[in-house]
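This is upload15.pdb (PDB, C-alpha atoms).
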ATOM      1  CA  MET R   1     -16.039 -23.409   6.103
ATOM      2  CA  THR R   2     -17.492 -21.518   9.025
ATOM      3  CA  LYS R   3     -21.025 -20.223   8.703
ATOM      4  CA  LYS R   4     -21.398 -16.747   7.271
ATOM      5  CA  PRO R   5     -21.676 -14.297  10.190
ATOM      6  CA  LYS R   6     -24.957 -12.420  10.545
ATOM      7  CA  ARG R   7     -23.091  -9.121  10.673
ATOM      8  CA  LEU R   8     -21.575  -9.855   7.258
ATOM      9  CA  THR R   9     -25.017 -10.648   5.809
ATOM     10  CA  LEU R  10     -26.275  -7.375   7.275
ATOM     11  CA  LEU R  11     -23.340  -5.537   5.706
ATOM     12  CA  ASP R  12     -24.103  -7.196   2.327
ATOM     13  CA  ILE R  13     -27.721  -6.030   2.522
ATOM     14  CA  LEU R  14     -26.689  -2.526   3.588
ATOM     15  CA  CYS R  15     -24.304  -2.264   0.624
ATOM     16  CA  LEU R  16     -26.941  -3.587  -1.791
ATOM     17  CA  ILE R  17     -29.300  -0.844  -0.620
ATOM     18  CA  LEU R  18     -26.882   2.028  -0.059
ATOM     19  CA  VAL R  19     -24.790   1.851  -3.259
ATOM     20  CA  PRO R  20     -27.844   2.328  -5.543
ATOM     21  CA  ALA R  21     -29.218   4.905  -3.058
ATOM     22  CA  ALA R  22     -25.997   6.922  -3.286
ATOM     23  CA  MET R  23     -26.211   6.726  -7.050
ATOM     24  CA  VAL R  24     -29.794   8.006  -7.035
ATOM     25  CA  LEU R  25     -28.689  10.814  -4.709
ATOM     26  CA  ILE R  26     -25.897  11.791  -7.094
ATOM     27  CA  LEU R  27     -27.952  11.532 -10.291
ATOM     28  CA  PHE R  28     -31.185  13.186  -9.154
ATOM     29  CA  PHE R  29     -30.407  15.232  -6.058
ATOM     30  CA  THR R  30     -27.138  17.037  -6.822
ATOM     31  CA  PRO R  31     -27.100  20.014  -9.181
ATOM     32  CA  THR R  32     -25.284  19.834 -12.506
ATOM     33  CA  GLU R  33     -21.969  21.626 -12.285
ATOM     34  CA  ARG R  34     -21.923  24.882 -14.284
ATOM     35  CA  VAL R  35     -18.759  24.345 -16.339
ATOM     36  CA  MET R  36     -18.166  20.577 -16.537
ATOM     37  CA  GLY R  37     -21.764  19.465 -16.946
ATOM     38  CA  PRO R  38     -23.050  15.959 -16.043
ATOM     39  CA  VAL R  39     -19.611  14.262 -16.092
ATOM     40  CA  GLN R  40     -18.792  16.065 -12.828
ATOM     41  CA  LYS R  41     -21.192  13.647 -11.092
ATOM     42  CA  VAL R  42     -18.624  10.875 -11.631
ATOM     43  CA  PHE R  43     -16.424  12.802  -9.186
ATOM     44  CA  TYR R  44     -18.421  11.578  -6.146
ATOM     45  CA  PHE R  45     -17.648   7.902  -6.801
ATOM     46  CA  HIS R  46     -14.193   8.701  -8.202
ATOM     47  CA  VAL R  47     -13.033  10.347  -4.966
ATOM     48  CA  SER R  48     -14.787   7.721  -2.834
ATOM     49  CA  ALA R  49     -13.055   4.903  -4.732
ATOM     50  CA  ALA R  50      -9.668   6.611  -4.315
ATOM     51  CA  TRP R  51     -10.407   7.060  -0.595
ATOM     52  CA  ALA R  52     -11.434   3.405  -0.206
ATOM     53  CA  GLY R  53      -8.316   2.240  -2.066
ATOM     54  CA  MET R  54      -5.958   4.287   0.084
ATOM     55  CA  LEU R  55      -7.732   3.254   3.284
ATOM     56  CA  SER R  56      -7.434  -0.369   2.216
ATOM     57  CA  PHE R  57      -3.684  -0.043   1.613
ATOM     58  CA  LEU R  58      -3.241   1.510   5.064
ATOM     59  CA  LEU R  59      -5.261  -1.356   6.538
ATOM     60  CA  ALA R  60      -2.942  -3.794   4.744
ATOM     61  CA  ALA R  61       0.076  -2.099   6.322
ATOM     62  CA  ALA R  62      -1.527  -2.258   9.783
ATOM     63  CA  ALA R  63      -2.329  -5.942   9.236
ATOM     64  CA  GLY R  64       1.261  -6.498   8.075
ATOM     65  CA  ALA R  65       2.492  -4.961  11.323
ATOM     66  CA  GLY R  66       0.028  -7.202  13.162
ATOM     67  CA  TYR R  67       1.569 -10.257  11.495
ATOM     68  CA  LEU R  68       5.163  -9.239  12.282
ATOM     69  CA  ILE R  69       4.274  -8.721  15.929
ATOM     70  CA  THR R  70       2.085 -11.790  16.523
ATOM     71  CA  ARG R  71       3.097 -14.164  13.660
ATOM     72  CA  GLU R  72      -0.552 -15.147  13.422
ATOM     73  CA  GLN R  73      -1.679 -16.148   9.934
ATOM     74  CA  LYS R  74      -4.943 -14.210  10.167
ATOM     75  CA  TRP R  75      -3.046 -10.913   9.830
ATOM     76  CA  ASP R  76      -1.473 -12.113   6.589
ATOM     77  CA  TRP R  77      -4.903 -13.029   5.209
ATOM     78  CA  LEU R  78      -6.206  -9.589   6.157
ATOM     79  CA  SER R  79      -3.236  -7.827   4.562
ATOM     80  CA  LEU R  80      -3.602  -9.847   1.354
ATOM     81  CA  SER R  81      -7.361  -9.184   1.242
ATOM     82  CA  ALA R  82      -6.992  -5.457   1.843
ATOM     83  CA  ILE R  83      -4.402  -5.114  -0.924
ATOM     84  CA  GLU R  84      -6.521  -7.004  -3.463
ATOM     85  CA  VAL R  85      -9.638  -4.946  -2.695
ATOM     86  CA  GLY R  86      -7.566  -1.747  -2.586
ATOM     87  CA  LEU R  87      -6.286  -2.486  -6.078
ATOM     88  CA  VAL R  88      -9.867  -2.792  -7.368
ATOM     89  CA  PHE R  89     -10.816   0.570  -5.868
ATOM     90  CA  GLY R  90      -7.591   2.106  -7.182
ATOM     91  CA  LEU R  91      -8.408   0.846 -10.667
ATOM     92  CA  ILE R  92     -11.899   2.362 -10.420
ATOM     93  CA  ALA R  93     -10.410   5.706  -9.358
ATOM     94  CA  ILE R  94      -7.950   5.720 -12.261
ATOM     95  CA  LEU R  95     -10.493   4.682 -14.922
ATOM     96  CA  SER R  96     -13.225   7.071 -13.738
ATOM     97  CA  GLY R  97     -10.640   9.873 -13.520
ATOM     98  CA  MET R  98      -9.577   9.212 -17.096
ATOM     99  CA  ILE R  99     -13.192   9.357 -18.278
ATOM    100  CA  TRP R 100     -13.670  12.646 -16.421
ATOM    101  CA  ALA R 101     -10.386  14.057 -17.791
ATOM    102  CA  GLN R 102     -11.192  13.372 -21.440
ATOM    103  CA  PRO R 103     -13.801  16.149 -21.911
ATOM    104  CA  ILE R 104     -12.365  18.452 -19.197
ATOM    105  CA  TRP R 105      -8.619  18.308 -19.924
ATOM    106  CA  ASN R 106      -9.117  17.150 -23.500
ATOM    107  CA  THR R 107      -6.923  14.124 -22.887
ATOM    108  CA  TRP R 108      -7.335  10.721 -21.225
ATOM    109  CA  TRP R 109      -4.047  10.923 -19.368
ATOM    110  CA  VAL R 110      -1.373  13.441 -18.425
ATOM    111  CA  TRP R 111       1.765  12.784 -16.395
ATOM    112  CA  ASP R 112       0.493  15.028 -13.647
ATOM    113  CA  PRO R 113       1.924  14.376 -10.109
ATOM    114  CA  ARG R 114      -1.406  13.018  -8.770
ATOM    115  CA  LEU R 115      -2.013  10.717 -11.723
ATOM    116  CA  THR R 116       1.596   9.550 -11.792
ATOM    117  CA  THR R 117       1.800   8.811  -8.056
ATOM    118  CA  THR R 118      -1.546   6.975  -8.211
ATOM    119  CA  ALA R 119      -0.331   4.839 -11.118
ATOM    120  CA  ILE R 120       2.939   4.099  -9.289
ATOM    121  CA  MET R 121       1.029   3.188  -6.111
ATOM    122  CA  GLU R 122      -1.194   0.822  -8.081
ATOM    123  CA  LEU R 123       1.797  -0.836  -9.789
ATOM    124  CA  ILE R 124       3.672  -1.218  -6.482
ATOM    125  CA  TYR R 125       0.683  -3.016  -4.945
ATOM    126  CA  LEU R 126       0.272  -5.134  -8.068
ATOM    127  CA  ALA R 127       3.887  -6.268  -7.584
ATOM    128  CA  TYR R 128       2.890  -7.529  -4.111
ATOM    129  CA  PHE R 129       1.155 -10.482  -5.774
ATOM    130  CA  ILE R 130       4.179 -11.202  -7.959
ATOM    131  CA  LEU R 131       6.345 -11.210  -4.833
ATOM    132  CA  ARG R 132       3.993 -13.597  -3.011
ATOM    133  CA  SER R 133       3.758 -15.999  -5.911
ATOM    134  CA  SER R 134       7.554 -16.174  -6.156
ATOM    135  CA  LEU R 135       7.933 -17.387  -2.562
ATOM    136  CA  ASP R 136       7.615 -21.045  -1.618
ATOM    137  CA  THR R 137       6.872 -21.226   2.071
ATOM    138  CA  ILE R 138       3.815 -19.857   3.860
ATOM    139  CA  GLU R 139       6.022 -18.253   6.463
ATOM    140  CA  SER R 140       8.230 -16.374   3.971
ATOM    141  CA  ARG R 141       5.153 -15.300   1.963
ATOM    142  CA  ALA R 142       3.541 -13.882   5.061
ATOM    143  CA  ARG R 143       6.695 -12.292   6.481
ATOM    144  CA  LEU R 144       7.934 -10.649   3.282
ATOM    145  CA  GLY R 145       4.363  -9.765   2.317
ATOM    146  CA  ALA R 146       3.953  -7.963   5.638
ATOM    147  CA  VAL R 147       7.194  -6.029   5.210
ATOM    148  CA  TYR R 148       6.255  -5.151   1.617
ATOM    149  CA  ALA R 149       2.775  -3.967   2.689
ATOM    150  CA  ILE R 150       4.300  -1.711   5.349
ATOM    151  CA  VAL R 151       6.972  -0.226   3.070
ATOM    152  CA  SER R 152       4.499   0.267   0.195
ATOM    153  CA  ALA R 153       2.194   2.262   2.475
ATOM    154  CA  ALA R 154       4.613   5.181   1.993
ATOM    155  CA  THR R 155       3.026   5.663  -1.447
ATOM    156  CA  VAL R 156      -0.367   6.443   0.144
ATOM    157  CA  PRO R 157       0.519   9.789   1.795
ATOM    158  CA  LEU R 158       2.727  10.613  -1.201
ATOM    159  CA  THR R 159      -0.266  10.162  -3.516
ATOM    160  CA  PHE R 160      -2.638  12.003  -1.184
ATOM    161  CA  PHE R 161      -0.391  15.014  -0.680
ATOM    162  CA  SER R 162       1.002  15.098  -4.243
ATOM    163  CA  ILE R 163      -1.523  17.772  -5.240
ATOM    164  CA  ARG R 164      -0.299  19.964  -2.413
ATOM    165  CA  LEU R 165       3.409  19.244  -2.738
ATOM    166  CA  PHE R 166       3.766  19.655  -6.499
ATOM    167  CA  ARG R 167       2.396  21.868  -9.265
ATOM    168  CA  THR R 168      -0.659  20.082 -10.602
ATOM    169  CA  ILE R 169      -3.756  20.513 -12.692
ATOM    170  CA  HIS R 170      -5.687  17.972 -10.600
ATOM    171  CA  PRO R 171      -8.456  19.645  -8.566
ATOM    172  CA  VAL R 172      -8.066  19.827  -4.790
ATOM    173  CA  VAL R 173     -11.213  18.391  -3.245
ATOM    174  CA  ILE R 174     -10.467  19.110   0.400
ATOM    175  CA  ALA R 175      -9.061  22.625   0.174
ATOM    176  CA  MET R 176      -6.933  23.795   3.089
ATOM    177  CA  GLY R 177      -5.695  27.342   2.799
ATOM    178  CA  GLY R 178      -6.186  27.344  -0.970
ATOM    179  CA  SER R 179      -2.761  25.911  -1.769
ATOM    180  CA  GLY R 180      -2.146  24.403  -5.199
ATOM    181  CA  GLY R 181      -4.644  23.253  -7.811
ATOM    182  CA  SER R 182      -8.222  24.458  -8.037
ATOM    183  CA  ALA R 183     -10.705  23.625  -5.298
ATOM    184  CA  PHE R 184     -14.279  22.529  -5.942
ATOM    185  CA  ASN R 185     -16.811  24.870  -4.393
ATOM    186  CA  MET R 186     -19.530  22.438  -3.404
ATOM    187  CA  THR R 187     -23.109  23.355  -2.599
ATOM    188  CA  PRO R 188     -24.760  21.751   0.487
ATOM    189  CA  ARG R 189     -26.440  19.147  -1.767
ATOM    190  CA  MET R 190     -23.114  18.320  -3.388
ATOM    191  CA  LEU R 191     -21.496  17.989   0.043
ATOM    192  CA  LEU R 192     -24.264  15.644   1.197
ATOM    193  CA  ALA R 193     -23.794  13.414  -1.873
ATOM    194  CA  PHE R 194     -20.024  13.567  -1.460
ATOM    195  CA  PHE R 195     -19.952  12.480   2.183
ATOM    196  CA  SER R 196     -22.679   9.880   1.575
ATOM    197  CA  SER R 197     -20.571   8.371  -1.208
ATOM    198  CA  LEU R 198     -17.507   8.315   1.034
ATOM    199  CA  PHE R 199     -19.510   6.520   3.732
ATOM    200  CA  VAL R 200     -21.039   4.003   1.301
ATOM    201  CA  PHE R 201     -17.682   3.177  -0.285
ATOM    202  CA  THR R 202     -16.149   2.692   3.172
ATOM    203  CA  LEU R 203     -18.940   0.200   3.962
ATOM    204  CA  LEU R 204     -18.406  -1.517   0.614
ATOM    205  CA  LEU R 205     -14.686  -1.734   1.301
ATOM    206  CA  SER R 206     -15.322  -3.393   4.690
ATOM    207  CA  ASP R 207     -17.745  -5.835   3.095
ATOM    208  CA  LEU R 208     -15.416  -6.852   0.258
ATOM    209  CA  VAL R 209     -12.359  -7.152   2.519
ATOM    210  CA  TRP R 210     -14.351  -9.349   4.913
ATOM    211  CA  HIS R 211     -15.465 -11.648   2.071
ATOM    212  CA  ARG R 212     -11.942 -11.802   0.651
ATOM    213  CA  TYR R 213     -10.561 -12.571   4.125
ATOM    214  CA  ARG R 214     -12.945 -15.514   4.473
ATOM    215  CA  LEU R 215     -11.811 -16.788   1.071
ATOM    216  CA  ALA R 216      -8.138 -16.489   2.078
ATOM    217  CA  ARG R 217      -8.842 -18.482   5.245
ATOM    218  CA  LEU R 218     -10.715 -21.177   3.327
ATOM    219  CA  GLN R 219      -7.919 -21.440   0.747
ATOM    220  CA  ALA R 220      -5.402 -21.814   3.572
ATOM    221  CA  VAL R 221      -7.451 -24.642   5.101
ATOM    222  CA  ASN R 222      -7.667 -26.374   1.710
ATOM    223  CA  CYS R 223      -3.906 -26.172   1.304
ATOM    224  CA  GLY R 224      -3.394 -27.676   4.744
ATOM    225  CA  GLU R 225      -2.056 -24.437   6.170
ATOM    226  CA  GLY R 226      -4.490 -24.641   9.064
ATOM    227  CA  VAL R 227      -6.507 -21.937  10.805
TER     228      VAL R 227
ATOM    229  CA  MET E 228     -24.452  26.785 -20.276
ATOM    230  CA  PRO E 229     -22.715  23.562 -19.088
ATOM    231  CA  VAL E 230     -20.860  21.392 -21.573
ATOM    232  CA  ASP E 231     -22.836  18.354 -22.749
ATOM    233  CA  THR E 232     -20.894  15.539 -21.096
ATOM    234  CA  MET E 233     -23.797  13.140 -20.564
ATOM    235  CA  THR E 234     -22.086  10.359 -22.580
ATOM    236  CA  GLU E 235     -18.964  10.600 -20.425
ATOM    237  CA  MET E 236     -21.074  10.524 -17.251
ATOM    238  CA  ILE E 237     -22.872   7.349 -18.368
ATOM    239  CA  LEU E 238     -19.542   5.804 -19.382
ATOM    240  CA  GLY E 239     -18.012   6.755 -16.025
ATOM    241  CA  PHE E 240     -20.764   5.175 -13.937
ATOM    242  CA  SER E 241     -20.845   2.103 -16.200
ATOM    243  CA  VAL E 242     -17.121   1.561 -15.680
ATOM    244  CA  ILE E 243     -17.361   2.070 -11.894
ATOM    245  CA  ILE E 244     -20.283  -0.339 -11.473
ATOM    246  CA  GLY E 245     -18.877  -2.710 -14.113
ATOM    247  CA  VAL E 246     -15.496  -3.106 -12.395
ATOM    248  CA  LEU E 247     -17.204  -3.668  -9.034
ATOM    249  CA  VAL E 248     -19.599  -6.270 -10.467
ATOM    250  CA  VAL E 249     -16.796  -8.137 -12.271
ATOM    251  CA  TYR E 250     -14.716  -8.218  -9.077
ATOM    252  CA  ILE E 251     -17.660  -9.434  -6.982
ATOM    253  CA  LEU E 252     -18.406 -12.170  -9.558
ATOM    254  CA  THR E 253     -14.790 -13.375  -9.524
ATOM    255  CA  LEU E 254     -14.879 -13.365  -5.725
ATOM    256  CA  VAL E 255     -18.083 -15.428  -5.676
ATOM    257  CA  ALA E 256     -16.615 -17.879  -8.209
ATOM    258  CA  ARG E 257     -13.423 -18.293  -6.171
ATOM    259  CA  VAL E 258     -15.383 -18.814  -2.942
ATOM    260  CA  ARG E 259     -17.540 -21.494  -4.597
ATOM    261  CA  ARG E 260     -14.491 -23.260  -6.017
ATOM    262  CA  ALA E 261     -12.764 -23.187  -2.624
ATOM    263  CA  GLN E 262     -15.903 -24.462  -0.882
ATOM    264  CA  ALA E 263     -16.231 -27.338  -3.354
ATOM    265  CA  LYS E 264     -12.572 -28.255  -2.817
ATOM    266  CA  ASN E 265     -13.060 -28.045   0.929
ATOM    267  CA  GLU E 266     -16.043 -30.429   0.780
ATOM    268  CA  LEU E 267     -14.083 -32.841  -1.420
ATOM    269  CA  ILE E 268     -11.198 -32.843   1.047
ATOM    270  CA  SER E 269     -13.595 -33.451   3.968
ATOM    271  CA  GLU E 270     -15.241 -36.396   2.143
ATOM    272  CA  ASN E 271     -11.936 -38.027   1.241
ATOM    273  CA  GLN E 272     -10.384 -37.713   4.669
ATOM    274  CA  PRO E 273      -9.654 -41.148   6.157
ATOM    275  CA  GLU E 274     -11.521 -42.082   9.319
ATOM    276  CA  TYR E 275      -9.343 -43.207  12.183
TER     277      TYR E 275
END
Before anything else, please render the file you have as structure tokens.
Amino acid sequence: MTKKPKRLTLLDILCLILVPAAMVLILFFTPTERVMGPVQKVFYFHVSAAWAGMLSFLLAAAAGAGYLITREQKWDWLSLSAIEVGLVFGLIAILSGMIWAQPIWNTWWVWDPRLTTTAIMELIYLAYFILRSSLDTIESRARLGAVYAIVSAATVPLTFFSIRLFRTIHPVVIAMGGSGGSAFNMTPRMLLAFFSSLFVFTLLLSDLVWHRYRLARLQAVNCGEGV
Amino acid sequence: MPVDTMTEMILGFSVIIGVLVVYILTLVARVRRAQAKNELISENQPEY
């Protein structure tokens, strides 16, 4: 096992400081939304988790392309790591969205285009692990995994744009031209908390993917797959 | 007057932090297990 890089330790420390700081910012600095009340504050981490998940899936696709071009194992480890971490963030987005929806929509779940495409995206990436475990050789796991990661990335823009392409009750956070859904009108304090959360979750995503990548490399060494 | 959704807010943040903590703990456990296996392999490697 190679020594933990200093930059990773720094990233760990930054995340340990910034995640609670973002939470304090949300809880004590942002105003309470007039209609939804305190539950609206969940929105900052909900959107950030969805953003981190989608970014992670796109990273997995890029890493998959990297593997197909170079055939270097490190790209497969990165793709695998990004998908696993992306699934965690996706799960957070779905669960926090359900908790928000219960008092606002009076139901935990509706088959709305955004919710449905998110659930499908999550299930497609979950199937990635089933696919990998069904393959015997390292080479076939990496090659098919890379192709699967690239093809599955089509669900990311579909999920992102679903609230603009279809009729939906899901709010539009980044409103462009006021099309579809209802946009949040955020105050400057809300915007500050929102963009801070996005930044913190992007850092957290990098940190977790890096740790998971190191684990994938170590597991490969243990299995005699080499570095 | 905003709706009282304090319980849902607490539940929401608990779930977000909870899922993250559980994932980080599983990651730490897997790293430790892999490190232990790695050390065992290194110790048992024959010397040429």
For chain E, report every residue with an atom at most 7 Å from chain R (counting only C-alpha atoms), formatted as a tab-separated table (two decimals) with C-alpha atoms, keeping the file's coordinate frame.
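The new file part-v1.tsv reads:
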chain	number	residue	atom	x	y	z
E	228	MET	CA	-24.45	26.78	-20.28
E	229	PRO	CA	-22.72	23.56	-19.09
E	230	VAL	CA	-20.86	21.39	-21.57
E	231	ASP	CA	-22.84	18.35	-22.75
E	232	THR	CA	-20.89	15.54	-21.10
E	233	MET	CA	-23.80	13.14	-20.56
E	235	GLU	CA	-18.96	10.60	-20.42
E	236	MET	CA	-21.07	10.52	-17.25
E	239	GLY	CA	-18.01	6.76	-16.02
E	240	PHE	CA	-20.76	5.18	-13.94
E	243	ILE	CA	-17.36	2.07	-11.89
E	246	VAL	CA	-15.50	-3.11	-12.40
E	258	VAL	CA	-15.38	-18.81	-2.94
E	261	ALA	CA	-12.76	-23.19	-2.62
E	264	LYS	CA	-12.57	-28.26	-2.82
E	265	ASN	CA	-13.06	-28.04	0.93
Practice task
Kindly give the distance, in Å, that separates atom CA of Arg259 of chain E and atom CA of Ser206 of chain R, rounded to a single decimal.
Solution key: 20.5 Å
Exercise for the section: Find the distance between atom CA of Pro31 of chain R and atom CA of Ala50 of chain R and write it in Å to one decimal. Expected result: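 Result for atom CA of Pro31 of chain R versus atom CA of Ala50 of chain R: 22.5 Å, one decimal.
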Exercise for the section: For atom CA of Arg189 of chain R and atom CA of Ala21 of chain R, quote the distance in Å rounded to one decimal. Expected result: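 Separating atom CA of Arg189 of chain R from atom CA of Ala21 of chain R is a distance of 14.6 Å.
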Practice task
Evaluate the PyMOL selection byres ((chain R and resi 82) around 7) here and jot the selected residues down as a list in words.
Solution key: Ser56, Phe57, Leu59, Ala60, Leu78, Ser79, Leu80, Ser81, Ile83, Glu84, Val85, Gly86 and Val209 of chain R
Once the PyMOL selection byres ((chain R and resi 7-12) around 10) has been evaluated on this model, what residues remain selected, and can you format them as a compact mmCIF listing (two decimals) with C-alpha atoms, in the coordinates of the input?
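So the final result, stored in out.txt, reads:
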# COMPACT_ATOMS: atom_id res chain seq x y z
CA LYS R 4 -21.40 -16.75 7.27
CA PRO R 5 -21.68 -14.30 10.19
CA LYS R 6 -24.96 -12.42 10.54
CA ILE R 13 -27.72 -6.03 2.52
CA LEU R 14 -26.69 -2.53 3.59
CA CYS R 15 -24.30 -2.26 0.62
CA LEU R 16 -26.94 -3.59 -1.79
CA ILE R 17 -29.30 -0.84 -0.62
CA LEU R 18 -26.88 2.03 -0.06
CA LEU R 203 -18.94 0.20 3.96
CA LEU R 204 -18.41 -1.52 0.61
CA SER R 206 -15.32 -3.39 4.69
CA ASP R 207 -17.74 -5.84 3.10
CA LEU R 208 -15.42 -6.85 0.26
CA TRP R 210 -14.35 -9.35 4.91
CA HIS R 211 -15.46 -11.65 2.07
Handout entry: Residues returned when the PyMOL selection byres ((chain R and resi 168) around 8) runs on this file, as a list in words
Key =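 Checking the PyMOL selection byres ((chain R and resi 168) around 8) against this file, the residues are Asp112, Pro113, Arg114, Ile163, Phe166, Arg167, Ile169, His170, Gly180 and Gly181 of chain R.
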